[in-house]
$ cat run.cif   # mmCIF, C-alpha atoms
data_coords
#
loop_
_atom_site.label_atom_id
_atom_site.label_comp_id
_atom_site.auth_asym_id
_atom_site.auth_seq_id
_atom_site.Cartn_x
_atom_site.Cartn_y
_atom_site.Cartn_z
CA MET A 25 -97.22 -25.56 -14.40
CA THR A 26 -95.07 -24.44 -17.29
CA ARG A 27 -95.95 -21.51 -19.53
CA LYS A 28 -96.39 -23.85 -22.54
CA SER A 29 -98.96 -25.98 -20.69
CA LYS A 30 -100.98 -22.89 -19.81
CA ARG A 31 -101.11 -21.83 -23.47
CA ILE A 32 -102.40 -25.28 -24.52
CA GLN A 33 -105.12 -25.33 -21.87
CA GLY A 34 -106.20 -21.81 -22.91
CA LYS A 35 -106.61 -22.87 -26.51
CA LYS A 36 -108.70 -25.90 -25.49
CA LYS A 37 -110.97 -23.66 -23.45
CA TRP A 38 -111.57 -21.31 -26.35
CA PHE A 39 -112.23 -24.26 -28.68
CA ALA A 40 -114.82 -25.64 -26.26
CA LEU A 41 -116.53 -22.26 -25.94
CA GLY A 42 -116.54 -21.85 -29.73
CA GLY A 43 -118.03 -25.30 -30.25
CA ALA A 44 -120.78 -24.62 -27.75
CA ALA A 45 -121.58 -21.33 -29.43
CA ALA A 46 -121.77 -23.04 -32.81
CA VAL A 47 -124.23 -25.61 -31.47
CA VAL A 48 -126.42 -22.89 -30.00
CA LEU A 49 -126.30 -20.95 -33.26
CA LEU A 50 -127.30 -23.99 -35.33
CA GLY A 51 -130.13 -24.68 -32.91
CA LEU A 52 -131.40 -21.14 -33.27
CA LEU A 53 -131.21 -21.36 -37.05
CA TRP A 54 -133.12 -24.68 -37.08
CA TRP A 55 -135.83 -23.28 -34.74
CA LYS A 56 -136.20 -20.19 -36.90
CA SER A 57 -136.51 -22.36 -40.04
CA GLN A 58 -139.21 -24.49 -38.46
CA SER A 59 -140.98 -21.42 -37.21
CA LEU A 60 -140.96 -19.90 -40.69
CA GLN A 61 -142.24 -23.14 -42.24
CA GLY A 62 -145.02 -23.35 -39.68
CA THR A 63 -145.94 -19.76 -40.31
CA LYS A 64 -145.92 -20.39 -44.06
CA ALA A 65 -148.08 -23.51 -43.72
CA SER A 66 -150.53 -21.85 -41.40
CA SER A 67 -150.80 -18.86 -43.73
CA GLN A 68 -151.84 -21.03 -46.72
CA THR A 69 -155.05 -19.56 -48.15
CA TYR A 70 -157.57 -22.02 -49.58
CA THR A 71 -160.49 -21.23 -51.88
CA ILE A 72 -163.86 -22.94 -51.96
CA SER A 73 -166.78 -23.19 -54.39
CA LYS A 74 -170.14 -24.91 -54.44
CA VAL A 75 -170.97 -28.06 -56.39
CA THR A 76 -173.23 -26.86 -59.21
CA GLU A 77 -175.12 -28.20 -62.22
CA GLY A 78 -173.60 -27.47 -65.58
CA LYS A 79 -172.42 -28.82 -68.91
CA VAL A 80 -168.93 -29.96 -69.79
CA ALA A 81 -167.88 -28.52 -73.14
CA SER A 82 -167.03 -31.82 -74.84
CA SER A 83 -168.18 -33.27 -78.15
CA THR A 84 -167.65 -36.29 -80.39
CA LEU A 85 -166.99 -35.98 -84.12
CA LEU A 86 -168.43 -38.60 -86.50
CA SER A 87 -168.72 -38.95 -90.25
CA GLY A 88 -171.64 -40.10 -92.35
CA SER A 89 -173.50 -39.69 -95.62
CA ILE A 90 -176.84 -38.14 -96.51
CA LYS A 91 -179.50 -40.67 -97.46
CA ALA A 92 -183.25 -40.73 -97.88
CA GLN A 93 -185.11 -41.32 -94.65
CA SER A 94 -187.37 -43.81 -96.46
CA GLU A 95 -186.05 -45.80 -99.40
CA GLN A 96 -186.96 -49.04 -101.16
CA TYR A 97 -185.49 -51.19 -103.92
CA VAL A 98 -187.93 -53.66 -105.50
CA TYR A 99 -185.98 -56.67 -106.81
CA PHE A 100 -187.05 -59.38 -109.26
CA ASP A 101 -188.48 -62.34 -107.36
CA ALA A 102 -189.04 -65.55 -109.29
CA THR A 103 -191.19 -67.00 -106.50
CA LYS A 104 -193.86 -64.41 -107.30
CA GLY A 105 -194.25 -65.56 -110.90
CA SER A 106 -192.95 -64.80 -114.36
CA ASN A 107 -193.07 -61.97 -116.88
CA PRO A 108 -192.99 -59.05 -114.40
CA THR A 109 -194.33 -55.69 -115.57
CA VAL A 110 -193.43 -52.41 -113.86
CA THR A 111 -196.66 -50.45 -113.34
CA VAL A 112 -195.11 -47.06 -112.40
CA ASN A 113 -192.89 -44.54 -114.17
CA VAL A 114 -189.93 -42.43 -113.11
CA GLY A 115 -191.18 -39.35 -111.31
CA ASP A 116 -194.44 -40.91 -110.11
CA GLN A 117 -195.47 -40.21 -106.52
CA VAL A 118 -196.38 -43.49 -104.83
CA SER A 119 -197.87 -44.26 -101.44
CA MET A 120 -197.32 -47.18 -99.09
CA GLY A 121 -199.18 -50.28 -100.30
CA GLN A 122 -199.44 -49.13 -103.92
CA GLN A 123 -198.66 -51.69 -106.63
CA VAL A 124 -195.40 -51.04 -108.49
CA VAL A 125 -194.75 -54.41 -110.21
CA GLN A 126 -197.22 -57.01 -111.51
CA TYR A 127 -196.21 -60.60 -112.35
CA ASP A 128 -198.23 -62.94 -114.60
CA THR A 129 -201.41 -63.95 -112.76
CA THR A 130 -202.73 -66.70 -115.06
CA ALA A 131 -201.96 -69.71 -112.86
CA ALA A 132 -202.62 -67.96 -109.54
CA GLN A 133 -205.96 -66.57 -110.76
CA ALA A 134 -207.08 -69.98 -112.05
CA ALA A 135 -206.23 -71.63 -108.70
CA TYR A 136 -208.13 -68.95 -106.83
CA ASP A 137 -211.21 -69.25 -109.06
CA GLN A 138 -211.24 -73.03 -108.62
CA ALA A 139 -210.98 -72.72 -104.81
CA VAL A 140 -213.92 -70.29 -104.79
CA ARG A 141 -216.06 -72.64 -106.92
CA ASN A 142 -215.39 -75.53 -104.54
CA TYR A 143 -216.38 -73.39 -101.57
CA ASN A 144 -219.59 -72.26 -103.26
CA LYS A 145 -220.61 -75.81 -104.18
CA ILE A 146 -220.33 -76.96 -100.57
CA GLY A 147 -222.39 -73.93 -99.61
CA ARG A 148 -225.13 -75.10 -101.97
CA GLN A 149 -225.08 -78.57 -100.42
CA ILE A 150 -225.57 -77.08 -96.97
CA THR A 151 -228.50 -75.00 -98.23
CA SER A 152 -230.06 -78.05 -99.90
CA LEU A 153 -229.73 -80.14 -96.75
CA LYS A 154 -231.32 -77.45 -94.59
CA THR A 155 -234.30 -76.87 -96.94
CA THR A 156 -235.06 -80.37 -98.28
CA GLY A 157 -233.36 -82.58 -95.72
CA VAL A 158 -231.26 -84.09 -98.53
CA ALA A 159 -227.79 -82.87 -99.51
CA SER A 160 -227.20 -82.37 -103.22
CA ALA A 161 -224.84 -84.78 -104.93
CA PRO A 162 -221.17 -83.89 -105.28
CA GLU A 163 -220.42 -81.80 -108.37
CA THR A 164 -217.71 -82.55 -110.86
CA SER A 165 -215.82 -79.90 -112.83
CA VAL A 166 -212.89 -79.83 -115.25
CA ASP A 167 -210.08 -77.27 -114.94
CA GLU A 168 -209.73 -75.79 -118.45
CA SER A 169 -206.07 -74.89 -118.01
CA THR A 170 -204.92 -78.29 -116.71
CA GLY A 171 -207.69 -80.67 -117.81
CA GLN A 172 -207.90 -82.01 -114.25
CA THR A 173 -211.29 -83.25 -113.00
CA THR A 174 -212.29 -82.06 -109.52
CA THR A 175 -215.17 -83.27 -107.39
CA SER A 176 -216.53 -80.85 -104.82
CA GLY A 177 -218.95 -81.45 -102.00
CA ILE A 178 -219.24 -84.69 -100.04
CA THR A 179 -221.38 -87.81 -100.14
CA THR A 180 -223.44 -87.49 -96.99
CA GLN A 181 -224.55 -90.44 -94.90
CA GLY A 182 -225.90 -90.82 -91.36
CA THR A 183 -228.31 -88.65 -89.46
CA TYR A 184 -229.22 -85.09 -90.44
CA GLN A 185 -226.94 -83.57 -87.81
CA GLU A 186 -224.03 -85.79 -88.85
CA GLN A 187 -224.51 -84.79 -92.49
CA LEU A 188 -224.69 -81.09 -91.62
CA GLN A 189 -221.56 -81.23 -89.46
CA ALA A 190 -219.65 -83.04 -92.20
CA LEU A 191 -220.64 -80.32 -94.68
CA TYR A 192 -219.56 -77.58 -92.25
CA ASP A 193 -216.16 -79.25 -91.86
CA ALA A 194 -215.79 -79.48 -95.64
CA GLN A 195 -216.76 -75.82 -95.97
CA ALA A 196 -214.08 -74.80 -93.45
CA ASP A 197 -211.46 -76.75 -95.43
CA ALA A 198 -212.64 -75.10 -98.63
CA GLN A 199 -212.34 -71.66 -97.03
CA GLY A 200 -208.75 -72.47 -96.11
CA GLU A 201 -208.02 -73.27 -99.76
CA VAL A 202 -209.60 -69.98 -100.83
CA ASP A 203 -207.43 -68.08 -98.35
CA LYS A 204 -204.25 -69.79 -99.58
CA ALA A 205 -205.17 -69.08 -103.20
CA GLN A 206 -205.87 -65.44 -102.36
CA ILE A 207 -202.44 -65.03 -100.74
CA ALA A 208 -200.78 -66.61 -103.78
CA LEU A 209 -202.69 -64.24 -106.06
CA ASN A 210 -201.76 -61.21 -103.95
CA ASN A 211 -198.11 -62.24 -104.04
CA THR A 212 -198.03 -61.76 -107.79
CA SER A 213 -197.89 -58.04 -107.06
CA ALA A 214 -194.95 -56.12 -105.53
CA LEU A 215 -196.08 -53.17 -103.42
CA SER A 216 -194.41 -49.96 -102.30
CA GLU A 217 -193.35 -50.01 -98.65
CA VAL A 218 -192.75 -46.26 -98.42
CA ASN A 219 -194.31 -42.97 -99.44
CA GLY A 220 -192.02 -41.38 -102.00
CA THR A 221 -190.97 -40.76 -105.58
CA VAL A 222 -190.01 -43.34 -108.20
CA VAL A 223 -186.45 -42.41 -109.18
CA GLU A 224 -185.48 -45.50 -111.20
CA VAL A 225 -187.28 -48.11 -113.33
CA ASN A 226 -185.77 -51.18 -115.03
CA ASN A 227 -187.89 -53.21 -117.45
CA ASN A 228 -184.98 -55.25 -118.84
CA ILE A 229 -184.92 -58.15 -116.38
CA ASP A 230 -183.14 -61.43 -117.08
CA PRO A 231 -185.19 -64.16 -115.32
CA THR A 232 -182.17 -66.48 -115.42
CA GLY A 233 -179.82 -63.95 -113.84
CA LYS A 234 -178.24 -64.96 -110.54
CA SER A 235 -177.58 -61.48 -109.14
CA ASN A 236 -180.24 -59.27 -107.57
CA GLN A 237 -181.90 -57.13 -110.22
CA ALA A 238 -183.65 -53.96 -109.07
CA MET A 239 -186.78 -53.14 -111.08
CA VAL A 240 -187.96 -50.09 -109.12
CA HIS A 241 -186.18 -47.64 -106.82
CA ILE A 242 -188.37 -45.44 -104.59
CA THR A 243 -187.06 -42.71 -102.31
CA SER A 244 -188.63 -40.10 -100.06
CA GLU A 245 -187.23 -36.85 -101.42
CA GLY A 246 -187.38 -34.01 -98.92
CA LYS A 247 -186.91 -36.37 -95.96
CA LEU A 248 -183.21 -36.98 -95.52
CA GLU A 249 -181.08 -38.39 -92.72
CA VAL A 250 -177.45 -39.10 -91.95
CA GLU A 251 -176.22 -42.68 -91.84
CA GLY A 252 -172.79 -43.76 -90.65
CA THR A 253 -170.88 -45.86 -88.14
CA LEU A 254 -169.30 -45.19 -84.76
CA THR A 255 -166.82 -47.14 -82.66
CA GLU A 256 -167.25 -48.95 -79.36
CA TYR A 257 -165.48 -46.03 -77.66
CA ASP A 258 -168.10 -43.60 -78.99
CA LEU A 259 -170.97 -45.66 -77.55
CA ALA A 260 -170.23 -44.47 -74.02
CA ASN A 261 -170.66 -40.81 -74.96
CA ILE A 262 -173.50 -40.90 -77.52
CA LYS A 263 -177.18 -41.55 -76.84
CA VAL A 264 -180.39 -41.49 -78.88
CA ASP A 265 -182.00 -38.01 -79.01
CA GLN A 266 -178.68 -36.20 -78.49
CA ALA A 267 -178.37 -33.02 -80.56
CA VAL A 268 -175.89 -32.91 -83.46
CA LYS A 269 -174.39 -30.28 -85.73
CA ILE A 270 -173.98 -31.36 -89.37
CA LYS A 271 -171.48 -29.84 -91.82
CA SER A 272 -170.56 -30.51 -95.44
CA LYS A 273 -167.29 -29.75 -97.20
CA VAL A 274 -169.36 -28.66 -100.20
CA TYR A 275 -170.79 -25.79 -98.13
CA PRO A 276 -168.16 -25.12 -95.41
CA ASP A 277 -169.93 -21.97 -94.16
CA LYS A 278 -173.27 -23.70 -93.54
CA GLU A 279 -174.47 -25.87 -90.66
CA TRP A 280 -177.55 -28.02 -90.11
CA ASP A 281 -179.19 -29.17 -86.89
CA GLY A 282 -180.22 -32.73 -86.17
CA LYS A 283 -180.50 -35.43 -83.52
CA ILE A 284 -179.42 -39.04 -83.12
CA THR A 285 -182.42 -41.31 -83.83
CA TYR A 286 -180.86 -44.79 -83.93
CA ILE A 287 -177.79 -46.62 -82.62
CA SER A 288 -177.41 -50.31 -83.38
CA ASN A 289 -176.92 -52.69 -80.46
CA TYR A 290 -174.83 -54.97 -82.65
CA PRO A 291 -171.71 -54.37 -84.75
CA SER A 292 -172.30 -54.16 -88.48
CA GLN A 293 -171.74 -57.39 -90.43
CA SER A 294 -169.14 -55.80 -92.69
CA ALA A 295 -167.21 -54.57 -89.65
CA THR A 296 -167.42 -57.98 -87.98
CA ALA A 297 -166.17 -59.69 -91.13
CA ALA A 298 -163.33 -57.20 -91.49
CA THR A 299 -162.33 -57.72 -87.88
CA ALA A 300 -162.35 -61.51 -88.32
CA ASP A 301 -160.22 -61.24 -91.48
CA ALA A 302 -157.76 -58.92 -89.76
CA THR A 303 -157.51 -61.28 -86.80
CA ALA A 304 -156.93 -64.26 -89.06
CA SER A 305 -154.25 -62.52 -91.13
CA SER A 306 -152.40 -60.84 -88.26
CA SER A 307 -152.24 -60.60 -84.51
CA THR A 308 -154.15 -57.28 -84.44
CA SER A 309 -157.87 -56.70 -84.76
CA SER A 310 -159.74 -53.51 -85.59
CA SER A 311 -162.40 -52.01 -83.37
CA PRO A 312 -165.98 -53.02 -84.33
CA SER A 313 -168.29 -50.35 -85.73
CA TYR A 314 -171.97 -49.75 -84.99
CA GLU A 315 -174.46 -48.18 -87.37
CA TYR A 316 -176.17 -44.94 -86.37
CA LYS A 317 -178.75 -42.61 -87.92
CA ALA A 318 -179.34 -38.91 -87.34
CA GLU A 319 -182.47 -37.03 -88.36
CA LEU A 320 -182.19 -33.53 -89.81
CA THR A 321 -184.37 -31.14 -87.81
CA SER A 322 -183.53 -27.92 -89.68
CA ASP A 323 -184.25 -26.83 -93.25
CA LEU A 324 -182.53 -29.11 -95.78
CA GLY A 325 -181.39 -26.20 -97.90
CA ASP A 326 -178.67 -27.32 -100.31
CA LEU A 327 -178.13 -30.79 -98.83
CA LYS A 328 -178.49 -33.63 -101.33
CA GLN A 329 -178.52 -37.40 -101.13
CA GLY A 330 -175.03 -38.84 -101.29
CA PHE A 331 -173.25 -35.91 -99.63
CA THR A 332 -170.50 -36.89 -97.18
CA VAL A 333 -170.86 -34.91 -93.95
CA SER A 334 -169.26 -34.51 -90.54
CA VAL A 335 -171.48 -34.92 -87.49
CA GLU A 336 -170.60 -33.26 -84.20
CA VAL A 337 -172.44 -34.79 -81.27
CA VAL A 338 -172.87 -32.00 -78.74
CA ASN A 339 -172.88 -32.75 -75.02
CA ASP A 340 -176.01 -30.99 -73.75
CA GLN A 341 -176.45 -33.09 -70.62
CA GLN A 342 -176.68 -31.26 -67.29
CA SER A 343 -174.61 -32.86 -64.52
CA LEU A 344 -172.84 -31.98 -61.28
CA VAL A 345 -169.58 -30.13 -61.95
CA VAL A 346 -166.66 -28.76 -59.94
CA PRO A 347 -163.52 -26.85 -60.99
CA VAL A 348 -160.94 -29.14 -62.58
CA SER A 349 -158.40 -28.09 -59.94
CA ALA A 350 -160.56 -29.53 -57.14
CA LEU A 351 -160.09 -33.14 -58.23
CA VAL A 352 -157.28 -35.14 -56.59
CA SER A 353 -156.29 -38.46 -58.18
CA LYS A 354 -154.45 -41.25 -56.37
CA GLY A 355 -153.99 -44.45 -58.31
CA ASP A 356 -157.32 -45.38 -59.84
CA LYS A 357 -159.34 -43.37 -57.32
CA ASN A 358 -160.48 -39.73 -57.35
CA TYR A 359 -161.20 -37.45 -54.39
CA VAL A 360 -162.30 -33.95 -53.51
CA TRP A 361 -161.98 -32.13 -50.18
CA LEU A 362 -165.27 -31.04 -48.61
CA TYR A 363 -165.33 -27.96 -46.37
CA ASP A 364 -167.60 -27.84 -43.32
CA LYS A 365 -168.43 -24.26 -42.36
CA SER A 366 -169.79 -25.27 -38.97
CA ASN A 367 -166.38 -26.32 -37.65
CA SER A 368 -163.96 -25.04 -40.35
CA ARG A 369 -162.71 -28.57 -40.97
CA VAL A 370 -162.10 -30.51 -44.20
CA LEU A 371 -163.16 -34.03 -45.14
CA ARG A 372 -161.81 -36.13 -48.00
CA LYS A 373 -164.59 -37.57 -50.19
CA GLU A 374 -164.16 -40.24 -52.88
CA VAL A 375 -166.02 -39.45 -56.14
CA THR A 376 -166.58 -40.90 -59.59
CA ALA A 377 -165.29 -38.53 -62.26
CA GLY A 378 -166.85 -38.15 -65.71
CA ASP A 379 -165.86 -35.96 -68.67
CA ALA A 380 -163.90 -32.75 -68.27
CA ASP A 381 -162.97 -29.68 -70.27
CA ALA A 382 -160.43 -26.92 -69.60
CA LYS A 383 -162.39 -25.57 -66.61
CA LEU A 384 -165.00 -28.00 -65.35
CA GLN A 385 -164.92 -31.59 -64.13
CA GLU A 386 -168.08 -33.71 -64.29
CA ILE A 387 -168.81 -35.66 -61.08
CA LEU A 388 -171.00 -38.73 -61.58
CA THR A 389 -171.29 -39.96 -57.97
CA GLY A 390 -170.13 -38.94 -54.51
CA LEU A 391 -171.31 -35.32 -54.28
CA GLU A 392 -174.53 -33.38 -53.91
CA LYS A 393 -175.48 -30.00 -55.30
CA ASP A 394 -174.44 -26.97 -53.20
CA GLN A 395 -171.84 -28.85 -51.14
CA GLU A 396 -168.69 -26.73 -50.66
CA ILE A 397 -165.35 -28.10 -51.81
CA ILE A 398 -161.72 -26.91 -51.70
CA THR A 399 -160.71 -25.78 -55.19
CA ASN A 400 -156.94 -25.61 -54.54
CA PRO A 401 -156.11 -28.65 -52.37
CA ASP A 402 -152.49 -29.46 -51.48
CA ASN A 403 -150.55 -32.04 -49.48
CA ASN A 404 -151.00 -30.10 -46.24
CA LEU A 405 -154.68 -31.01 -46.06
CA LYS A 406 -155.43 -33.84 -43.65
CA GLU A 407 -158.66 -35.59 -42.72
CA GLY A 408 -160.49 -33.45 -40.14
CA LYS A 409 -157.92 -30.64 -40.29
CA LYS A 410 -159.11 -27.19 -39.21
CA ILE A 411 -158.22 -24.44 -41.68
CA ASP A 412 -158.54 -20.66 -41.75
CA LYS A 413 -161.64 -19.26 -43.40
CA PRO A 414 -161.20 -19.91 -47.16
CA GLN A 415 -162.02 -17.47 -49.93
CA GLU A 416 -165.09 -18.15 -52.07
CA GLU A 417 -164.93 -18.43 -55.82
CA LYS A 418 -167.56 -19.22 -58.46
CA THR A 419 -167.52 -22.01 -61.03
CA SER A 420 -167.98 -21.21 -64.70
CA SER A 421 -171.52 -22.57 -64.60
CA GLU A 422 -172.45 -20.14 -61.80
CA GLU A 423 -170.92 -17.21 -63.64
CA GLY A 424 -172.83 -18.11 -66.81
#

$ encode --input "run.cif" --output "structure tokens"
Amino acid sequence: MTRKSKRIQGKKKWFALGGAAAVVLLGLLWWKSQSLQGTKASSQTYTISKVTEGKVASSTLLSGSIKAQSEQYVYFDATKGSNPTVTVNVGDQVSMGQQVVQYDTTAAQAAYDQAVRNYNKIGRQITSLKTTGVASAPETSVDESTGQTTTSGITTQGTYQEQLQALYDAQADAQGEVDKAQIALNNTSALSEVNGTVVEVNNNIDPTGKSNQAMVHITSEGKLEVEGTLTEYDLANIKVDQAVKIKSKVYPDKEWDGKITYISNYPSQSATAATADATASSSTSSSPSYEYKAELTSDLGDLKQGFTVSVEVVNDQQSLVVPVSALVSKGDKNYVWLYDKSNSRVLRKEVTAGDADAKLQEILTGLEKDQEIITNPDNNLKEGKKIDKPQEEKTSSEEG
């Protein structure tokens, strides 16, 4: 073998040894990397907390205006009669059922009187039949206002019992006429439907006018409420009897307490009409609005009718809560990881999430109070995985 061939074979040998060493070195580096990753994963420290009851610090802001809790406008009504006269004055205190307007009663009173006379005449016929065995003859009268002749009573024929029954039937009919005449007479008066104060009176009514003409305005001063509208999105978060905080720009440093007393089940007519118009004129439609009312439960102070106010609906509902960090979302589903102390394993649990604030997440379904959950879950958690003993932490509701 020549000297040149020996040199070439020596170089090949060293190259082979170097390559083998490089492979070993890379293998060692890879093993060390995996070992470090495993050590890092196994050293992950999880924290747990209990499912507790608490309140999520969320609220809804509405607007409204201050109005009387009880209010009535009495409008001119031609069906009640003519020549209406207001029987109260501005400043009068009126009670429910009190007369506030009186229409002309001439025709209604005459009809009532005539109906009563007819009823009484039949009553006399019944008395006559029972005492003498003979019914008195029908009586004829003339209505002075109309000149119309009216015959009351009946001409009785047949047996005594047949005559008496016929008179009883006629008396029942006459009573019906009296009742109808009484209703017509009562309807000549307009009555107050609320307890309150007369704040407006109008005696200058045009009977031929086509528009509604208010003759009396009654309001319950000292009993005020907030009226306004809310959207379909607010309906999910607001319920009757929820507490509210009321503020006015007129008095920015003051606040009044109240509660929601009414939420309409149907959108307001004006909102529906506006939505229909918007839909007809363009491709967009506005959200419908629903009327609401809120009662003031604190001292009225400086609040007056007509004030525009803001209404903050406070969430005071107790519910199950967990730290916000405990919730894991995948697609349209939400989960938390339960921790089982008996075997140190974790279990993924699907839940229904509600409202949330900066710290707490409301859980509507899927959990029970005092269950323990992982508050800092990560991708290393697997169903049934055994983990080192986690650290315990408290939720804000427990600390409070």

$ residues_around --input "run.cif" --residues "range 217-233 of chain A" --least-positions-apart "6" --cutoff "8 Å" --atoms "all atoms listed in the file" --output "PDB file with C-alpha atoms, in the coordinates of the input"
ATOM      1  CA  SER A  94    -187.370 -43.810 -96.460  1.00  0.00           C
ATOM      2  CA  GLU A  95    -186.050 -45.800 -99.400  1.00  0.00           C
ATOM      3  CA  GLN A  96    -186.960 -49.040-101.160  1.00  0.00           C
ATOM      4  CA  PHE A 100    -187.050 -59.380-109.260  1.00  0.00           C
ATOM      5  CA  ALA A 102    -189.040 -65.550-109.290  1.00  0.00           C
ATOM      6  CA  SER A 106    -192.950 -64.800-114.360  1.00  0.00           C
ATOM      7  CA  THR A 109    -194.330 -55.690-115.570  1.00  0.00           C
ATOM      8  CA  VAL A 110    -193.430 -52.410-113.860  1.00  0.00           C
ATOM      9  CA  VAL A 112    -195.110 -47.060-112.400  1.00  0.00           C
ATOM     10  CA  ASN A 113    -192.890 -44.540-114.170  1.00  0.00           C
ATOM     11  CA  VAL A 114    -189.930 -42.430-113.110  1.00  0.00           C
ATOM     12  CA  GLY A 115    -191.180 -39.350-111.310  1.00  0.00           C
ATOM     13  CA  ASP A 116    -194.440 -40.910-110.110  1.00  0.00           C
ATOM     14  CA  GLN A 117    -195.470 -40.210-106.520  1.00  0.00           C
ATOM     15  CA  VAL A 118    -196.380 -43.490-104.830  1.00  0.00           C
ATOM     16  CA  SER A 119    -197.870 -44.260-101.440  1.00  0.00           C
ATOM     17  CA  MET A 120    -197.320 -47.180 -99.090  1.00  0.00           C
ATOM     18  CA  GLY A 121    -199.180 -50.280-100.300  1.00  0.00           C
ATOM     19  CA  MET A 239    -186.780 -53.140-111.080  1.00  0.00           C
ATOM     20  CA  VAL A 240    -187.960 -50.090-109.120  1.00  0.00           C
ATOM     21  CA  HIS A 241    -186.180 -47.640-106.820  1.00  0.00           C
ATOM     22  CA  ILE A 242    -188.370 -45.440-104.590  1.00  0.00           C
ATOM     23  CA  THR A 243    -187.060 -42.710-102.310  1.00  0.00           C
ATOM     24  CA  SER A 244    -188.630 -40.100-100.060  1.00  0.00           C
ATOM     25  CA  GLU A 245    -187.230 -36.850-101.420  1.00  0.00           C
TER      26      GLU A 245
END

$ resolve_selection --input "run.cif" --expression "the PyMOL selection byres ((chain A and resi 246-257) around 7)" --output "number ranges by chain"
A: 86-93, 244-245, 258-260, 311-320

$ closest_residue --input "run.cif" --among "A:Lys365, A:Lys154, A:Lys354, A:Lys74" --to "Lys413 in chain A" --atoms "only C-alpha atoms"
A:Lys365

$ closest_residue --input "run.cif" --among "A:Asn144, A:Tyr359, A:Gly378, A:Val345" --to "Lys393 in chain A" --atoms "only C-alpha atoms"
A:Val345

$ closest_residue --input "run.cif" --among "A:Arg141, A:Lys263, A:Lys104, A:Lys234" --to "Val337 in chain A" --atoms "all atoms listed in the file"
A:Lys263

$ residues_around --input "run.cif" --residues "Asp402 in chain A" --least-positions-apart "5" --cutoff "12 Å" --atoms "all atoms listed in the file" --output "ChimeraX atom specification"
/A:65,68-71,349-353,360-361,372

$ closest_residue --input "run.cif" --among "A:Val158, A:Leu153, A:Ala214, A:Ile146" --to "Gly105 in chain A" --atoms "all atoms listed in the file"
A:Ala214

$ atom_distance --input "run.cif" --atom1 "CA of Val140 in chain A" --atom2 "CA of Ala198 in chain A"
7.9 Å

$ closest_residue --input "run.cif" --among "A:Leu344, A:Leu405, A:Ala196, A:Val338" --to "Val375 in chain A" --atoms "only C-alpha atoms"
A:Leu344

$ atom_distance --input "run.cif" --atom1 "CA of Gly200 in chain A" --atom2 "CA of Gln138 in chain A"
12.8 Å

$ residues_around --input "run.cif" --residues "Gln206 in chain A" --least-positions-apart "4" --cutoff "9 Å" --atoms "only C-alpha atoms" --output "list in words"
Ala132, Gln133, Ala135, Tyr136, Glu201, Val202, Asn210 and Asn211 of chain A

$ closest_residue --input "run.cif" --among "A:Asp364, A:Asp101, A:Asn358, A:Thr155" --to "Ala377 in chain A" --atoms "all atoms listed in the file"
A:Asn358

$ resolve_selection --input "run.cif" --expression "the PyMOL selection byres ((chain A and resi 84) around 6)" --output "ChimeraX atom specification"
/A:83,85,336-337
